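As stored in input.cif (mmCIF, C-alpha atoms):
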```cif
data_start
loop_
_atom_site.label_atom_id
_atom_site.label_comp_id
_atom_site.auth_asym_id
_atom_site.auth_seq_id
_atom_site.Cartn_x
_atom_site.Cartn_y
_atom_site.Cartn_z
CA MET A 1 11.68 0.28 26.53
CA ALA A 2 13.40 2.38 23.83
CA ASP A 3 12.72 6.12 23.80
CA ASP A 4 10.83 5.85 20.50
CA GLU A 5 8.46 3.32 22.03
CA ASN A 6 7.46 5.87 24.67
CA ARG A 7 6.18 8.21 21.98
CA LYS A 8 2.42 7.97 21.52
CA LEU A 9 1.42 6.78 18.07
CA ALA A 10 -1.64 7.74 16.04
CA ILE A 11 -2.69 4.91 13.72
CA ILE A 12 -4.69 6.39 10.84
CA ALA A 13 -6.48 3.23 9.74
CA GLY A 14 -7.93 2.45 6.34
CA GLY A 15 -9.32 -0.88 5.20
CA GLY A 16 -7.92 -4.38 5.38
CA ASP A 17 -6.11 -6.19 8.17
CA ILE A 18 -2.80 -4.34 8.17
CA PRO A 19 -3.93 -1.71 10.77
CA ALA A 20 -4.42 -4.63 13.16
CA LEU A 21 -0.72 -5.46 12.78
CA ALA A 22 0.21 -1.96 13.96
CA ILE A 23 -2.14 -2.27 16.93
CA GLU A 24 -0.64 -5.65 17.82
CA ALA A 25 2.91 -4.28 17.54
CA CYS A 26 2.08 -1.38 19.86
CA GLU A 27 0.51 -3.67 22.43
CA LYS A 28 3.45 -6.10 22.35
CA ALA A 29 5.90 -3.21 22.82
CA ASP A 30 3.67 -1.58 25.47
CA ARG A 31 3.70 1.53 23.30
CA PRO A 32 0.88 4.07 23.81
CA TYR A 33 -1.34 4.49 20.76
CA PHE A 34 -4.68 5.78 19.53
CA VAL A 35 -6.53 4.78 16.37
CA PHE A 36 -8.25 7.14 13.94
CA ALA A 37 -10.66 4.94 11.98
CA LEU A 38 -11.39 6.44 8.57
CA GLU A 39 -15.13 6.39 7.96
CA GLY A 40 -16.12 4.25 5.00
CA HIS A 41 -12.66 2.65 4.84
CA ALA A 42 -11.59 1.09 8.16
CA ASP A 43 -13.23 -2.33 8.49
CA ASP A 44 -11.06 -4.61 10.64
CA PRO A 45 -12.73 -5.50 13.99
CA ALA A 46 -9.42 -4.92 15.82
CA VAL A 47 -9.59 -1.23 14.89
CA PHE A 48 -12.90 -0.77 16.68
CA LYS A 49 -11.87 -2.80 19.74
CA ALA A 50 -8.85 -0.54 20.27
CA PRO A 51 -9.00 3.00 21.71
CA HIS A 52 -10.29 4.83 18.67
CA GLU A 53 -12.24 7.66 17.13
CA ARG A 54 -14.06 7.61 13.81
CA ILE A 55 -13.02 10.39 11.48
CA ARG A 56 -13.74 11.54 7.92
CA LEU A 57 -10.90 11.95 5.48
CA GLY A 58 -11.64 15.66 5.19
CA SER A 59 -11.77 16.35 8.96
CA VAL A 60 -8.32 17.86 9.38
CA SER A 61 -9.28 20.06 12.33
CA GLN A 62 -10.87 17.13 14.17
CA PHE A 63 -7.75 15.03 13.69
CA GLU A 64 -5.36 17.76 14.83
CA LYS A 65 -7.46 18.60 17.90
CA SER A 66 -7.98 14.96 18.92
CA ALA A 67 -4.37 13.94 18.26
CA LYS A 68 -3.05 16.77 20.42
CA ARG A 69 -5.60 15.97 23.12
CA GLU A 70 -4.34 12.37 23.12
CA GLY A 71 -0.70 13.47 23.30
CA VAL A 72 0.18 11.98 19.92
CA GLN A 73 3.74 12.51 18.71
CA ASP A 74 4.07 10.00 15.84
CA VAL A 75 1.68 9.05 13.03
CA VAL A 76 1.43 6.00 10.80
CA MET A 77 -1.02 5.89 7.87
CA ILE A 78 -1.95 2.37 6.81
CA GLY A 79 -4.72 0.41 5.20
CA ARG A 80 -6.67 0.53 1.98
CA VAL A 81 -8.24 3.90 1.14
CA ARG A 82 -10.33 4.52 -1.93
CA ARG A 83 -9.73 8.04 -3.20
CA PRO A 84 -13.01 9.92 -2.55
CA GLY A 85 -14.83 12.51 -4.58
CA MET A 86 -15.39 16.03 -3.27
CA ARG A 87 -18.97 15.32 -2.17
CA GLU A 88 -17.89 12.37 -0.05
CA LEU A 89 -14.83 14.17 1.32
CA ARG A 90 -16.77 17.13 2.81
CA PRO A 91 -13.63 18.90 4.04
CA ASP A 92 -13.72 21.12 7.11
CA ALA A 93 -12.12 24.58 7.01
CA LYS A 94 -8.58 23.29 7.49
CA GLY A 95 -9.21 20.48 5.03
CA ALA A 96 -10.46 22.95 2.43
CA ALA A 97 -7.41 25.14 3.00
CA PHE A 98 -5.14 22.13 2.53
CA MET A 99 -6.89 21.18 -0.69
CA ALA A 100 -6.54 24.73 -1.96
CA ARG A 101 -2.79 24.53 -1.34
CA ALA A 102 -2.16 21.06 -2.63
CA ALA A 103 -4.93 18.73 -3.74
CA MET A 104 -6.38 21.05 -6.36
CA LYS A 105 -3.23 20.46 -8.38
CA ALA A 106 -3.31 17.67 -10.94
CA MET A 107 -1.66 14.93 -8.90
CA GLY A 108 -1.92 11.22 -8.44
CA ASP A 109 -2.13 9.36 -5.16
CA ASP A 110 1.61 9.57 -4.51
CA GLY A 111 1.71 13.34 -4.98
CA LEU A 112 -1.34 13.77 -2.77
CA LEU A 113 0.11 11.57 -0.04
CA ARG A 114 3.36 13.53 -0.07
CA ALA A 115 1.29 16.67 0.44
CA VAL A 116 -0.56 15.02 3.34
CA ILE A 117 2.74 14.03 4.94
CA GLY A 118 3.95 17.60 4.64
CA GLU A 119 0.77 18.87 6.30
CA LEU A 120 1.10 16.43 9.22
CA GLU A 121 4.75 17.37 9.67
CA ARG A 122 3.79 21.04 9.77
CA MET A 123 1.44 20.15 12.62
CA GLY A 124 4.48 18.81 14.48
CA PHE A 125 3.98 15.05 14.03
CA ARG A 126 6.66 12.57 12.96
CA ILE A 127 5.52 10.19 10.21
CA LEU A 128 6.50 6.53 10.52
CA ALA A 129 6.32 3.62 8.11
CA ILE A 130 4.47 0.44 9.03
CA GLN A 131 7.68 -1.53 8.37
CA ASP A 132 9.31 0.52 11.15
CA LEU A 133 6.74 -0.90 13.57
CA VAL A 134 6.16 -4.45 12.32
CA THR A 135 9.17 -6.59 11.48
CA GLY A 136 9.21 -9.12 8.65
CA LEU A 137 6.74 -7.31 6.39
CA LEU A 138 9.07 -6.42 3.52
CA ALA A 139 9.36 -8.96 0.71
CA PRO A 140 12.72 -10.74 0.55
CA GLU A 141 14.70 -11.21 -2.64
CA GLY A 142 14.32 -14.43 -4.59
CA VAL A 143 11.75 -17.16 -5.15
CA MET A 144 9.56 -17.60 -2.06
CA THR A 145 7.37 -20.47 -3.30
CA ARG A 146 7.89 -24.04 -4.47
CA ARG A 147 7.14 -23.07 -8.06
CA LYS A 148 9.62 -20.92 -10.03
CA PRO A 149 9.13 -18.78 -13.16
CA ASP A 150 10.00 -20.53 -16.41
CA ALA A 151 11.56 -18.86 -19.46
CA LYS A 152 8.21 -17.60 -20.79
CA ALA A 153 7.31 -16.15 -17.42
CA GLU A 154 10.67 -14.38 -17.23
CA ILE A 155 9.86 -12.60 -20.51
CA ASP A 156 6.52 -11.46 -19.08
CA ILE A 157 8.23 -10.34 -15.87
CA ALA A 158 10.70 -8.18 -17.81
CA ARG A 159 7.83 -6.64 -19.79
CA GLY A 160 5.85 -6.08 -16.60
CA LEU A 161 8.73 -4.28 -14.90
CA GLU A 162 9.12 -2.02 -17.92
CA VAL A 163 5.44 -1.06 -17.89
CA ALA A 164 5.21 -0.77 -14.08
CA ARG A 165 8.15 1.64 -13.96
CA LYS A 166 6.44 3.89 -16.49
CA LEU A 167 3.15 3.72 -14.58
CA GLY A 168 4.95 4.70 -11.40
CA ASP A 169 6.82 7.54 -13.07
CA LEU A 170 3.46 8.98 -14.13
CA ASP A 171 2.05 8.42 -10.58
CA VAL A 172 -0.73 6.26 -12.02
CA GLY A 173 -0.44 2.90 -10.25
CA GLN A 174 1.82 0.19 -8.87
CA ALA A 175 0.73 -2.95 -10.68
CA VAL A 176 0.36 -4.46 -14.14
CA VAL A 177 -0.76 -7.83 -15.49
CA ILE A 178 1.15 -9.28 -18.44
CA GLN A 179 0.47 -12.42 -20.47
CA GLU A 180 2.66 -13.46 -23.39
CA LYS A 181 4.09 -9.91 -23.49
CA LEU A 182 0.58 -8.43 -23.80
CA VAL A 183 -0.58 -5.90 -21.22
CA LEU A 184 -3.88 -7.28 -19.97
CA GLY A 185 -4.44 -4.49 -17.48
CA VAL A 186 -2.79 -1.73 -15.46
CA GLU A 187 -3.69 -0.49 -12.00
CA ALA A 188 -5.12 2.99 -11.64
CA ILE A 189 -7.49 4.43 -9.06
CA GLU A 190 -9.42 1.17 -8.65
CA GLY A 191 -6.59 -0.76 -6.94
CA THR A 192 -4.99 -4.15 -7.46
CA ASP A 193 -7.99 -6.28 -6.47
CA ALA A 194 -10.19 -4.60 -9.07
CA LEU A 195 -7.40 -4.90 -11.65
CA LEU A 196 -7.27 -8.65 -11.08
CA GLU A 197 -11.04 -8.96 -11.30
CA ARG A 198 -10.99 -7.16 -14.67
CA CYS A 199 -8.27 -9.46 -15.93
CA ARG A 200 -10.37 -12.56 -15.22
CA ASN A 201 -12.19 -11.95 -18.49
CA LEU A 202 -9.12 -10.90 -20.46
CA HIS A 203 -6.66 -13.78 -20.09
CA ARG A 204 -5.68 -15.77 -23.18
CA LYS A 205 -5.35 -19.50 -23.62
CA GLY A 206 -1.97 -20.98 -22.86
CA SER A 207 0.47 -20.04 -20.12
CA GLY A 208 -1.09 -17.86 -17.44
CA GLY A 209 -0.16 -14.23 -16.96
CA VAL A 210 1.94 -12.55 -14.31
CA LEU A 211 1.12 -9.77 -11.84
CA VAL A 212 4.02 -7.35 -11.35
CA LYS A 213 3.74 -4.92 -8.44
CA ILE A 214 6.43 -2.40 -7.46
CA LYS A 215 6.58 0.95 -5.69
CA LYS A 216 6.40 4.14 -7.70
CA VAL A 217 9.60 5.88 -8.76
CA ARG A 218 9.35 8.81 -6.33
CA GLN A 219 7.17 7.13 -3.73
CA ASP A 220 7.63 7.98 -0.06
CA ARG A 221 8.29 4.64 1.65
CA ARG A 222 6.31 5.74 4.72
CA VAL A 223 2.91 5.54 3.04
CA ASP A 224 0.98 3.43 0.52
CA MET A 225 3.70 0.83 0.02
CA PRO A 226 2.77 -1.87 -2.51
CA THR A 227 1.08 -4.66 -0.56
CA VAL A 228 0.14 -8.25 -1.27
CA GLY A 229 -1.84 -10.60 0.95
CA VAL A 230 -3.81 -13.82 0.73
CA ALA A 231 -6.63 -12.01 -1.09
CA THR A 232 -4.15 -10.89 -3.76
CA VAL A 233 -3.04 -14.47 -4.35
CA ASP A 234 -6.62 -15.75 -4.44
CA LYS A 235 -7.73 -13.11 -6.94
CA ALA A 236 -4.63 -13.68 -9.08
CA ALA A 237 -5.40 -17.40 -9.17
CA ASP A 238 -9.04 -16.69 -10.08
CA ALA A 239 -7.78 -14.50 -12.92
CA GLY A 240 -5.78 -17.42 -14.34
CA LEU A 241 -2.36 -16.00 -13.44
CA ARG A 242 0.56 -18.25 -12.70
CA GLY A 243 2.69 -15.92 -10.65
CA ILE A 244 3.25 -12.68 -8.79
CA VAL A 245 6.41 -10.58 -8.82
CA VAL A 246 7.03 -7.91 -6.20
CA GLN A 247 9.83 -5.53 -5.34
CA ALA A 248 12.14 -6.99 -2.72
CA GLY A 249 12.51 -4.52 0.12
CA GLY A 250 9.81 -2.37 -1.46
CA THR A 251 6.62 -4.42 -1.07
CA LEU A 252 4.74 -5.49 2.05
CA VAL A 253 3.75 -9.16 2.27
CA VAL A 254 1.04 -9.34 4.92
CA ASN A 255 0.86 -12.66 6.78
CA ARG A 256 3.65 -14.12 4.68
CA GLU A 257 3.25 -17.71 5.82
CA ALA A 258 -0.41 -17.76 4.75
CA VAL A 259 0.40 -15.96 1.50
CA LEU A 260 3.03 -18.53 0.55
CA ALA A 261 0.73 -21.39 1.50
CA ALA A 262 -2.02 -19.93 -0.71
CA ALA A 263 0.42 -19.49 -3.61
CA ASP A 264 1.76 -23.04 -3.27
CA ASN A 265 -1.78 -24.40 -3.10
CA ALA A 266 -2.65 -22.51 -6.31
CA LYS A 267 0.59 -23.72 -7.96
CA MET A 268 1.71 -20.12 -8.42
CA PHE A 269 5.11 -18.52 -7.92
CA LEU A 270 5.87 -15.48 -5.77
CA VAL A 271 9.18 -13.78 -6.48
CA GLY A 272 10.91 -10.77 -4.96
CA ILE A 273 13.12 -8.79 -7.34
CA ARG A 274 15.65 -6.26 -6.04
CA LEU A 275 15.54 -2.94 -7.91
CA ASP A 276 18.02 -0.19 -7.16
CA ASP A 277 17.32 3.51 -7.79
CA SER A 278 18.70 3.42 -11.34
CA GLN A 279 16.50 0.43 -12.20
CA MET A 280 13.41 2.32 -10.99
CA ARG A 281 13.73 4.82 -13.85
CA PRO A 282 11.16 4.15 -16.57
CA ASP A 283 13.90 4.05 -19.22
CA ALA A 284 15.98 1.48 -17.32
CA ASP A 285 16.88 -1.74 -19.09
CA GLY A 286 15.05 -4.87 -17.91
#
```

As structure tokens, please, write out the structure in this file.
Amino acid sequence: MADDENRKLAIIAGGGDIPALAIEACEKADRPYFVFALEGHADDPAVFKAPHERIRLGSVSQFEKSAKREGVQDVVMIGRVRRPGMRELRPDAKGAAFMARAAMKAMGDDGLLRAVIGELERMGFRILAIQDLVTGLLAPEGVMTRRKPDAKAEIDIARGLEVARKLGDLDVGQAVVIQEKLVLGVEAIEGTDALLERCRNLHRKGSGGVLVKIKKVRQDRRVDMPTVGVATVDKAADAGLRGIVVQAGGTLVVNREAVLAAADNAKMFLVGIRLDDSQMRPDADG
């Protein structure tokens, strides 16, 4: 077993099924691990069957004490987390001190997560990305489905990339829905699923819209990577969309075989587009 696989991993688990993939990867590699299930967020049964401890987002002291007790060396933060209000967060003393240093600034999710990474690194932990643990998660380049974008869809895709880059530069969100060059909705704090639900009542007659989802301009690739799964495809289909475009090498496709089957069944396209650093700038040409 490689040296890295001997290092004990803390899986900080939010919602959805992606934490289960990390657990499965650790068990297959015989890597020691311990799960910290975020209260009100973690919901996959695999999380609670694994060695775990429930923890509040604001319980920094509890995490540090428990992680060191467990001999944790590496940390991965994965799963859906709704940004809480102060009353729900109820930070402990260390959590309050962290918020005084960082979270009280006007920052979006990306800025806050970078601050969290910095705090964990100061505690002595190495932060890993889920794609370092689970192979085959990153979206490939090109058309992944039977259906391909037509000329009208390509226009919407170009418009979507333009808007998504600007959203990411402002640290607002990762996704946008475009139909006939009109912006039907942009992702903010509510997340992609809620964006798609809003767009159900906003689509126009004619060719369906397109969901474009890419990582933010300055996003740390170790946390909160753009993610699509079967639920994304189902909600996009319910919203009357005809396709999804993601960033190749910069978006996680969870359970890809099932995702592609769902997209083909809905007669939708799923396309991975490669964007280099210069193309991630909000003023880049489409």

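For Ala20 (chain A), the residues within 10 Å (counting all atoms listed in the file, excluding itself and residues fewer than 6 positions away along the chain) are Ile11, Ala13, Cys26, Asp44, Pro45, Ala46, Val47, Phe48, Ala50, Ile78 and Gly79 of chain A.
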
Would you save the residues from that selection as a CSV table (one decimal), keeping the file's coordinate frame, using C-alpha atoms?
```
chain,number,residue,atom,x,y,z
A,11,ILE,CA,-2.7,4.9,13.7
A,13,ALA,CA,-6.5,3.2,9.7
A,26,CYS,CA,2.1,-1.4,19.9
A,44,ASP,CA,-11.1,-4.6,10.6
A,45,PRO,CA,-12.7,-5.5,14.0
A,46,ALA,CA,-9.4,-4.9,15.8
A,47,VAL,CA,-9.6,-1.2,14.9
A,48,PHE,CA,-12.9,-0.8,16.7
A,50,ALA,CA,-8.8,-0.5,20.3
A,78,ILE,CA,-2.0,2.4,6.8
A,79,GLY,CA,-4.7,0.4,5.2
```

8 Å contact set for Gln247 (chain A), all atoms listed in the file, chain neighbours under 2 positions out, as number ranges by chain
A: 139, 141, 213-215, 245, 249-251, 272-275

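Running the PyMOL selection byres ((chain A and resi 57) around 7) on this file leaves Leu38, Ile55, Arg56, Gly58, Ser59 and Leu89 of chain A selected.
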
Proximity check region 146-258 of chain A to region 113-120 of chain A, 9 Å, nearest pairs one decimal Å, all atoms listed in the file, as a Markdown table:
```
| residue | atom | partner | partner_atom | distance |
| --- | --- | --- | --- | --- |
| A:Gln219 | CA | A:Arg114 | CA | 8.3 |
| A:Asp220 | CA | A:Arg114 | CA | 7.0 |
| A:Val223 | CA | A:Leu113 | CA | 7.3 |
| A:Asp224 | CA | A:Leu113 | CA | 8.2 |
```

Record the distance separating CA of Lys8 (chain A) and CA of Gln73 (chain A), expressed in Å with one decimal.
5.5 Å

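In terms of minimum interatomic distance to Arg146 (chain A), A:Gly243 ranks closest within A:Gly229, A:Gly16, A:Gly71, A:Gly243, counting only C-alpha atoms.
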
Compare A:Arg82, A:Arg242, A:Arg221, A:Arg126 by their minimum atom-to-atom distance to Glu180 (chain A), counting all atoms listed in the file, and give me the closest one.
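Distance minimum relative to Glu180 (chain A) lands on A:Arg242.
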
Considering all atoms listed in the file, state which residue in the set A:Leu9, A:Ala231, A:Val81, A:Val72 is at the smallest distance from Glu190 (chain A).
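The answer is A:Val81, which sits nearest to Glu190 (chain A).
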
Between A:Ile178, A:Leu128, A:Ile23, A:Ile12, which residue has the minimum interatomic distance to Arg54 (chain A), considering all atoms listed in the file?
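Of all the options, A:Ile12 lies closest to Arg54 (chain A).
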
List the neighbours of Phe269 (chain A) out to 12 Å using only C-alpha atoms; skip same-chain residues closer than 2 positions along the sequence, and give me the result as a ChimeraX atom specification.
/A:142-150,153-154,157,208-212,233,236-237,241-246,259-267,271-272

Produce the centre coordinates and the three edge lengths, each in Å to one decimal, of the box along x, y and z that contains all listed atoms of region 210-221 of chain A with 4 Å added on each side, as lines of an AutoDock Vina configuration file.
```
center_x = 5.4
center_y = -1.9
center_z = -6.3
size_x = 16.5
size_y = 29.4
size_z = 24.0
```

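Going from CA of Ala239 (chain A) to CA of Glu187 (chain A) covers 14.6 Å.
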
Please write as a ChimeraX atom specification the list of polymer residues whose atoms come within 10 Å of (-15.6, 9.3, 17.9), counting all atoms listed in the file and keeping to the coordinates of the file.
/A:36-37,51-55,62,66

Between CA of Leu202 (chain A) and CA of Leu167 (chain A), distance in Å (one decimal):
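Taking CA of Leu202 (chain A) as the start and CA of Leu167 (chain A) as the end point, the length is 20.0 Å.
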
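Among the candidates A:Asp193, A:Glu64, A:Asp132, A:Asp43, the one nearest to Ala25 (chain A) when counting all atoms listed in the file is A:Asp132.
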
My list of candidates is A:Leu170, A:Met77, A:Val217, A:Met225. Which is closest to Val35 (chain A) when distances are computed with only C-alpha atoms?
A:Met77

Residue members of the PyMOL selection byres ((chain A and resi 41) around 6) in the file shown, as a PyMOL selection string:
chain A and resi 14-15+38-40+42+81

Shell around Gly191 (chain A) at 10 Å using all atoms listed in the file, local window under 3 positions removed, as a list in words:
Arg80, Val81, Arg82, Gly173, Gln174, Ala175, Val186, Glu187, Ala188, Ala194, Leu195 and Leu196 of chain A
